[in-house]
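Peer 1: Once you've had a glance at the structure underneath, I'll fire off some questions.
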Amino acid sequence: MDKVTFNAKIALARRDFFEYCHLTAKDFYKYDREYLIELADELQNFLTSDDDVLVINEPPRHGKSRTGGKFVEWTLGNNPTKKIMTGSYNETLSTVFSKSVRNAIQEQKADESIAVFSDVFPGVEIKHGDGAMNLWSLEGQYNNYLATSPTGTATGFGADIIIIDDLIKNAEEANNAMVLEKHWDWFSNTMLSRLETGGKIIIIMTRWHSNDLAGKAIKELPQMGFKLKHISMKAYNKETDSMLCEEVLSKEEYFRRSKTMGADIASANYQQEPIDIKGRLYQELKTYDSPREYVKIWNYTDTADRGKDYLASIVFGETKEGQADVIDVLYTKDDMSVTESALASMLIRNNVNEAMIEGNNGGVGFKRAVERICKEKRNHRSTVFKDFHQSANKESRILSNSSWIEENVFFPSNWRTRWPEFHEAITTYQKEGKNKHDDAPDALTGVSELINKKIKQKATISKRPGWLR
């Protein structure tokens, strides 16, 4: 390559992020890999756009983390005053990310025909004496870069750009609701507090779960006032029967890996379809637009056993077909001083015939209080109150009743917006994995058990001789 052409490419690489990637790593950043050009262009445009957050979901081994690192190099080369903080799932991985950026900036030119960072951005160097891999500066600056993790620290560092790279390491973590909640707490309480005014957030990850950091960010950050853009790339396009990049992952290899990994993990890793969609207990729940005729209006209440539990109470109509229409729901962490009155109001407004209230752990006292409010304060005496003791294994009950619930329990067509927390608790509950809460599925299981107990009683009575009925 002649000097004039080389200098032209250098000048272009300063202005265009993909050209920088191509110039310094042309074996991977090829012009025929259109998805990498798209990714690079989106990252570059994000810097000057009015978007606050960029969420990038891309399959493994397709260069998302590598491109994130190259983006840090290019950004610091163009503006050495920028302060960038990156976070990964542990200190080791965050150090690897940091080290790759630092090494690229420090790389010495060994071949005149191969461009390095210093060719494109001469004079931008790591500050002499900054030996730490996780916290370093450029010459003339103070603390340009910090690498951290949920177990690390971000104290004293303010960032213009925060990059979160692959927080989840495996399927076990993806199915652990408590781990996912810790990730969100770390991001929202620690990382966001480090963002300077007008700063940018980039979340780069393979999708795992509806409530992974990407999923939570997509749902929560716009409600907090952040403008968010989401880029999702699937390894395999079913409509065109083609791969995102055949050279990186062939179709044959994709299907072989899918069989080995299992459908749920493959869908998450390669197709950006959260693992909980495949692994959730209730795959398809039925809805209704208008109520049917009911032989009885029931209430089933699962009282809160511990302070962090929800009170889950469901009013449902029993149909003559032996099915259940969910009519009303009370799903809350409020204490008993609030829930006693709230449940009484729900029973009254729905003309409930019989209320079954779990008597475990203070439930009997709760039942008496609700009954007293109905009868003495509200002059409502048409609801029959009963308490019961539940000793069967909760998880087994929930699993064994799930098929019947999918076939025979109907929800209002707008139940997602009427009871959003209850809806999320039901639709994200996992067959396997650590669920953060099981109060809503437990109450729904109670609906199934009440209806089926009555069906069995009717069957038993019908088998008796006529003179015993």
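Residue names in the structure tokens use chain letters A, B, ... in the order shown, residue numbers from 1 in each chain, and ligand numbers from 1 in the order shown.
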Would you pick out the contacts of region 245-254 of chain A at 8 Å or less, using only C-alpha atoms, so that residues sharing its chain but fewer than 6 positions from it are not included, and give the list as a list in words?
Peer 2: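 The filter keeps Arg33, Tyr35, Arg61, His62, Ala235 and Tyr236 of chain A.
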Peer 1: May I have all residues of region 212-387 of chain A that DSSP, computed from the backbone, assigns to helix (DSSP H, G or I), given as number ranges by chain?
Peer 2: A: 213-220, 222-224, 251-261, 263-271, 275-279, 336-349, 363-377
Peer 1: Looking at A:Ile161, A:Ile357, A:Ala440, A:Ile297, which one is nearest to Phe46 (chain A), with distances taken over only C-alpha atoms?
Peer 2: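 Using only C-alpha atoms, the shortest distance to Phe46 (chain A) belongs to A:Ile161.
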Peer 1: Could you pull out the residues in region 50-162 of chain A that DSSP calls strand (DSSP E or B) from the backbone, as a PyMOL selection string?
Peer 2: chain A and resi 53-57+84-87+126+135-136+138+145-148+159-162
Peer 1: Can you measure CA of Val96 (chain A) to CA of Ala25 (chain A) for me? One decimal in Å is fine.
Peer 2: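 Going from CA of Val96 (chain A) over to CA of Ala25 (chain A), I get 18.1 Å.
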Peer 1: Rounded to one decimal, what separation in Å do you get between CA of Ala324 (chain A) and CA of Arg292 (chain A)?
Peer 2: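 Between these atoms lies a distance of 9.7 Å.
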Peer 1: Can you check which parts of region 140-197 of chain A lie within 9 Å of region 85-95 of chain A? Per residue, the shortest pair of atoms and distance in Å to one decimal, counting only C-alpha atoms, sorted by chain and number, as JSON lines.
Peer 2:
```
{"residue": "A:Asn144", "atom": "CA", "partner": "A:Met85", "partner_atom": "CA", "distance": 8.3}
{"residue": "A:Tyr145", "atom": "CA", "partner": "A:Met85", "partner_atom": "CA", "distance": 5.7}
{"residue": "A:Leu146", "atom": "CA", "partner": "A:Met85", "partner_atom": "CA", "distance": 4.8}
{"residue": "A:Ala147", "atom": "CA", "partner": "A:Thr86", "partner_atom": "CA", "distance": 4.9}
{"residue": "A:Thr148", "atom": "CA", "partner": "A:Gly87", "partner_atom": "CA", "distance": 4.8}
{"residue": "A:Ser149", "atom": "CA", "partner": "A:Gly87", "partner_atom": "CA", "distance": 4.9}
{"residue": "A:Pro150", "atom": "CA", "partner": "A:Tyr89", "partner_atom": "CA", "distance": 6.6}
{"residue": "A:Thr151", "atom": "CA", "partner": "A:Asn90", "partner_atom": "CA", "distance": 6.8}
{"residue": "A:Gly152", "atom": "CA", "partner": "A:Glu91", "partner_atom": "CA", "distance": 6.7}
{"residue": "A:Ala154", "atom": "CA", "partner": "A:Met85", "partner_atom": "CA", "distance": 8.5}
{"residue": "A:Phe157", "atom": "CA", "partner": "A:Met85", "partner_atom": "CA", "distance": 8.2}
{"residue": "A:Gly158", "atom": "CA", "partner": "A:Met85", "partner_atom": "CA", "distance": 8.2}
{"residue": "A:Ala159", "atom": "CA", "partner": "A:Met85", "partner_atom": "CA", "distance": 5.9}
{"residue": "A:Asp160", "atom": "CA", "partner": "A:Met85", "partner_atom": "CA", "distance": 8.1}
{"residue": "A:Ile161", "atom": "CA", "partner": "A:Met85", "partner_atom": "CA", "distance": 6.4}
{"residue": "A:Ile162", "atom": "CA", "partner": "A:Met85", "partner_atom": "CA", "distance": 4.9}
{"residue": "A:Ile163", "atom": "CA", "partner": "A:Thr86", "partner_atom": "CA", "distance": 4.6}
{"residue": "A:Ile164", "atom": "CA", "partner": "A:Gly87", "partner_atom": "CA", "distance": 4.7}
{"residue": "A:Asp165", "atom": "CA", "partner": "A:Ser88", "partner_atom": "CA", "distance": 5.1}
{"residue": "A:Asp166", "atom": "CA", "partner": "A:Ser88", "partner_atom": "CA", "distance": 5.9}
{"residue": "A:Leu167", "atom": "CA", "partner": "A:Tyr89", "partner_atom": "CA", "distance": 4.2}
{"residue": "A:Ile168", "atom": "CA", "partner": "A:Tyr89", "partner_atom": "CA", "distance": 6.2}
{"residue": "A:Lys169", "atom": "CA", "partner": "A:Tyr89", "partner_atom": "CA", "distance": 7.0}
{"residue": "A:His183", "atom": "CA", "partner": "A:Tyr89", "partner_atom": "CA", "distance": 8.9}
{"residue": "A:Met191", "atom": "CA", "partner": "A:Gly87", "partner_atom": "CA", "distance": 8.6}
{"residue": "A:Arg194", "atom": "CA", "partner": "A:Met85", "partner_atom": "CA", "distance": 8.8}
```
Peer 1: Find the residues around Gln430 (chain A) up to 12 Å (only C-alpha atoms counted), leave out those fewer than 2 positions away in its own chain, and share them as a PyMOL selection string.
Peer 2: chain A and resi 174-177+209-210+275-283+395+398-399+402+424-428+432-438+441
Peer 1: For Asn45 (chain A), which residue out of A:Arg15, A:Lys26, A:Arg349, A:Lys286 is the nearest one, using only C-alpha atoms?
Peer 2: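 Under the stated criterion, the closest residue is A:Arg15.
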Peer 1: CA of Asn78 (chain A) and CA of Gly198 (chain A), how far apart in Å?
Peer 2: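 Spanning CA of Gly198 (chain A) to CA of Asn78 (chain A) is a straight-line distance of 18.1 Å.
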Peer 1: What's around Lys9 (chain A) at 10 Å? Count only C-alpha atoms, leave out sequence neighbours fewer than 5 positions away in its own chain, and write the answer as a PyMOL selection string.
Peer 2: chain A and resi 3-4+14+19-20+22-23+115+120
Peer 1: Taking 4 positions as the minimum chain separation for residues in the same chain, which residues sit within 12 Å of Phe385 (chain A) when counting only C-alpha atoms? Answer as a list in words.
Peer 2: Trp298, Asn299, Tyr300, Thr301, Ala344, Leu347, Val352, Asn353, Glu354, Ala355, Met356, Ile357, Glu358, Gly359, Val364, Phe366, Lys367, Arg368, Ala369, Val370, Glu371, Arg372, Cys374, Lys375, His380 and Arg381 of chain A
Peer 1: Residues near Trp404 (chain A), anyone? I mean within 10 Å using only C-alpha atoms, not counting same-chain ones fewer than 5 positions away, as a PDB file with all heavy atoms, in the first residue's frame.
Peer 2:
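Below is the file that was written, part07.pdb:
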```
ATOM      1  N   GLN A 323     -65.309 -24.759  34.847  1.00  0.00           N
ATOM      2  CA  GLN A 323     -64.146 -23.921  34.571  1.00  0.00           C
ATOM      3  C   GLN A 323     -64.191 -22.673  35.454  1.00  0.00           C
ATOM      4  O   GLN A 323     -65.146 -22.475  36.211  1.00  0.00           O
ATOM      5  CB  GLN A 323     -64.117 -23.534  33.083  1.00  0.00           C
ATOM      6  CG  GLN A 323     -63.941 -24.739  32.157  1.00  0.00           C
ATOM      7  CD  GLN A 323     -63.971 -24.341  30.696  1.00  0.00           C
ATOM      8  OE1 GLN A 323     -64.742 -23.475  30.276  1.00  0.00           O
ATOM      9  NE2 GLN A 323     -63.133 -24.995  29.895  1.00  0.00           N
ATOM     10  N   VAL A 409     -58.788 -22.187  33.130  1.00  0.00           N
ATOM     11  CA  VAL A 409     -58.871 -20.893  33.790  1.00  0.00           C
ATOM     12  C   VAL A 409     -58.761 -19.793  32.736  1.00  0.00           C
ATOM     13  O   VAL A 409     -57.838 -19.793  31.916  1.00  0.00           O
ATOM     14  CB  VAL A 409     -57.776 -20.727  34.862  1.00  0.00           C
ATOM     15  CG1 VAL A 409     -57.830 -19.328  35.463  1.00  0.00           C
ATOM     16  CG2 VAL A 409     -57.945 -21.767  35.965  1.00  0.00           C
ATOM     17  N   THR A 445     -53.177 -21.868  41.763  1.00  0.00           N
ATOM     18  CA  THR A 445     -53.287 -23.303  42.009  1.00  0.00           C
ATOM     19  C   THR A 445     -54.462 -23.585  42.944  1.00  0.00           C
ATOM     20  O   THR A 445     -55.183 -24.584  42.782  1.00  0.00           O
ATOM     21  CB  THR A 445     -51.983 -23.841  42.616  1.00  0.00           C
ATOM     22  OG1 THR A 445     -50.926 -23.654  41.670  1.00  0.00           O
ATOM     23  CG2 THR A 445     -52.087 -25.313  42.970  1.00  0.00           C
ATOM     24  N   SER A 448     -57.641 -23.865  41.026  1.00  0.00           N
ATOM     25  CA  SER A 448     -57.754 -25.191  40.409  1.00  0.00           C
ATOM     26  C   SER A 448     -58.186 -26.235  41.422  1.00  0.00           C
ATOM     27  O   SER A 448     -59.067 -27.057  41.152  1.00  0.00           O
ATOM     28  CB  SER A 448     -56.401 -25.578  39.797  1.00  0.00           C
ATOM     29  OG  SER A 448     -56.387 -26.928  39.384  1.00  0.00           O
ATOM     30  N   GLU A 449     -57.588 -26.196  42.599  1.00  0.00           N
ATOM     31  CA  GLU A 449     -57.903 -27.202  43.621  1.00  0.00           C
ATOM     32  C   GLU A 449     -59.341 -27.088  44.109  1.00  0.00           C
ATOM     33  O   GLU A 449     -60.001 -28.108  44.343  1.00  0.00           O
ATOM     34  CB  GLU A 449     -56.923 -27.055  44.786  1.00  0.00           C
ATOM     35  CG  GLU A 449     -55.503 -27.478  44.414  1.00  0.00           C
ATOM     36  CD  GLU A 449     -54.472 -27.123  45.473  1.00  0.00           C
ATOM     37  OE1 GLU A 449     -54.719 -26.185  46.260  1.00  0.00           O
ATOM     38  OE2 GLU A 449     -53.410 -27.778  45.513  1.00  0.00           O
ATOM     39  N   ASN A 452     -61.633 -28.455  41.235  1.00  0.00           N
ATOM     40  CA  ASN A 452     -61.475 -29.902  41.062  1.00  0.00           C
ATOM     41  C   ASN A 452     -61.978 -30.690  42.267  1.00  0.00           C
ATOM     42  O   ASN A 452     -62.491 -31.810  42.123  1.00  0.00           O
ATOM     43  CB  ASN A 452     -60.013 -30.236  40.766  1.00  0.00           C
ATOM     44  CG  ASN A 452     -59.640 -29.963  39.325  1.00  0.00           C
ATOM     45  OD1 ASN A 452     -60.135 -30.613  38.417  1.00  0.00           O
ATOM     46  ND2 ASN A 452     -58.794 -28.970  39.104  1.00  0.00           N
TER      47      ASN A 452
END
```
Peer 1: Report as a list in words all protein, DNA and RNA residues lying within 10 Å of Ile204 (chain A), evaluated on only C-alpha atoms, omitting residues in the same chain fewer than 3 positions from it.
Peer 2: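 Skipping anything fewer than 3 positions along the chain leaves Leu54, Val55, Ile56, Asn57, Glu58, Lys64, Ser65, Thr67, Gly68, Ser88, Ile163, Ile164, Asp165, Asp166, Leu167, Ile201, Arg207, Leu213, Ala214 and Ile231 of chain A.
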Peer 1: Deliver the residues from the most recent selection as a file, using N, CA, C and O atoms, as a CSV table (one decimal), in the first residue's frame.
Peer 2:
```csv
chain,number,residue,atom,x,y,z
A,54,LEU,N,-28.4,2.7,24.5
A,54,LEU,CA,-28.3,1.8,23.3
A,54,LEU,C,-28.2,0.3,23.9
A,54,LEU,O,-27.2,0.0,24.5
A,55,VAL,N,-29.2,-0.5,23.6
A,55,VAL,CA,-29.2,-1.9,24.0
A,55,VAL,C,-28.9,-2.7,22.7
A,55,VAL,O,-29.6,-2.6,21.7
A,56,ILE,N,-27.8,-3.5,22.8
A,56,ILE,CA,-27.4,-4.4,21.7
A,56,ILE,C,-27.5,-5.8,22.1
A,56,ILE,O,-26.8,-6.3,23.0
A,57,ASN,N,-28.3,-6.6,21.4
A,57,ASN,CA,-28.4,-8.0,21.6
A,57,ASN,C,-27.9,-8.7,20.4
A,57,ASN,O,-28.5,-8.5,19.3
A,58,GLU,N,-26.9,-9.6,20.5
A,58,GLU,CA,-26.3,-10.2,19.4
A,58,GLU,C,-25.8,-11.6,19.8
A,58,GLU,O,-25.5,-11.8,21.0
A,64,LYS,N,-19.6,-8.8,19.4
A,64,LYS,CA,-20.2,-7.7,20.1
A,64,LYS,C,-19.3,-7.1,21.1
A,64,LYS,O,-19.2,-5.9,21.2
A,65,SER,N,-18.6,-8.0,21.9
A,65,SER,CA,-17.7,-7.5,22.9
A,65,SER,C,-16.5,-6.9,22.3
A,65,SER,O,-16.0,-5.9,22.8
A,67,THR,N,-16.3,-5.5,19.4
A,67,THR,CA,-16.6,-4.2,18.8
A,67,THR,C,-16.8,-3.2,19.9
A,67,THR,O,-16.5,-2.0,19.7
A,68,GLY,N,-17.3,-3.6,21.1
A,68,GLY,CA,-17.4,-2.7,22.2
A,68,GLY,C,-16.1,-2.2,22.6
A,68,GLY,O,-15.9,-1.0,22.9
A,88,SER,N,-18.6,-5.9,33.6
A,88,SER,CA,-18.9,-7.2,33.2
A,88,SER,C,-19.2,-8.1,34.4
A,88,SER,O,-19.2,-7.6,35.5
A,163,ILE,N,-20.5,1.3,29.6
A,163,ILE,CA,-20.7,0.1,28.8
A,163,ILE,C,-20.8,-1.1,29.7
A,163,ILE,O,-19.9,-1.4,30.4
A,164,ILE,N,-22.0,-1.8,29.6
A,164,ILE,CA,-22.2,-3.0,30.3
A,164,ILE,C,-22.1,-4.2,29.3
A,164,ILE,O,-22.8,-4.2,28.3
A,165,ASP,N,-21.2,-5.1,29.6
A,165,ASP,CA,-20.9,-6.2,28.6
A,165,ASP,C,-21.2,-7.5,29.2
A,165,ASP,O,-20.5,-8.0,30.2
A,166,ASP,N,-22.2,-8.2,28.8
A,166,ASP,CA,-22.5,-9.6,29.1
A,166,ASP,C,-22.5,-9.9,30.6
A,166,ASP,O,-21.5,-10.5,31.1
A,167,LEU,N,-23.5,-9.5,31.4
A,167,LEU,CA,-23.5,-9.7,32.8
A,167,LEU,C,-23.8,-11.1,33.2
A,167,LEU,O,-23.5,-11.5,34.3
A,201,ILE,N,-25.3,5.4,27.9
A,201,ILE,CA,-25.2,4.0,28.4
A,201,ILE,C,-25.4,3.1,27.2
A,201,ILE,O,-26.3,3.2,26.4
A,207,ARG,N,-29.2,-12.1,24.9
A,207,ARG,CA,-30.4,-12.2,25.7
A,207,ARG,C,-30.5,-13.5,26.3
A,207,ARG,O,-30.3,-14.6,25.8
A,213,LEU,N,-30.7,-7.8,32.4
A,213,LEU,CA,-30.4,-6.4,32.4
A,213,LEU,C,-31.0,-5.7,31.1
A,213,LEU,O,-31.6,-4.6,31.2
A,214,ALA,N,-30.8,-6.3,30.0
A,214,ALA,CA,-31.4,-5.8,28.7
A,214,ALA,C,-32.9,-5.6,28.8
A,214,ALA,O,-33.5,-4.6,28.5
A,231,ILE,N,-31.2,-2.7,19.5
A,231,ILE,CA,-30.8,-3.4,18.3
A,231,ILE,C,-30.7,-4.9,18.6
A,231,ILE,O,-30.1,-5.3,19.6
```
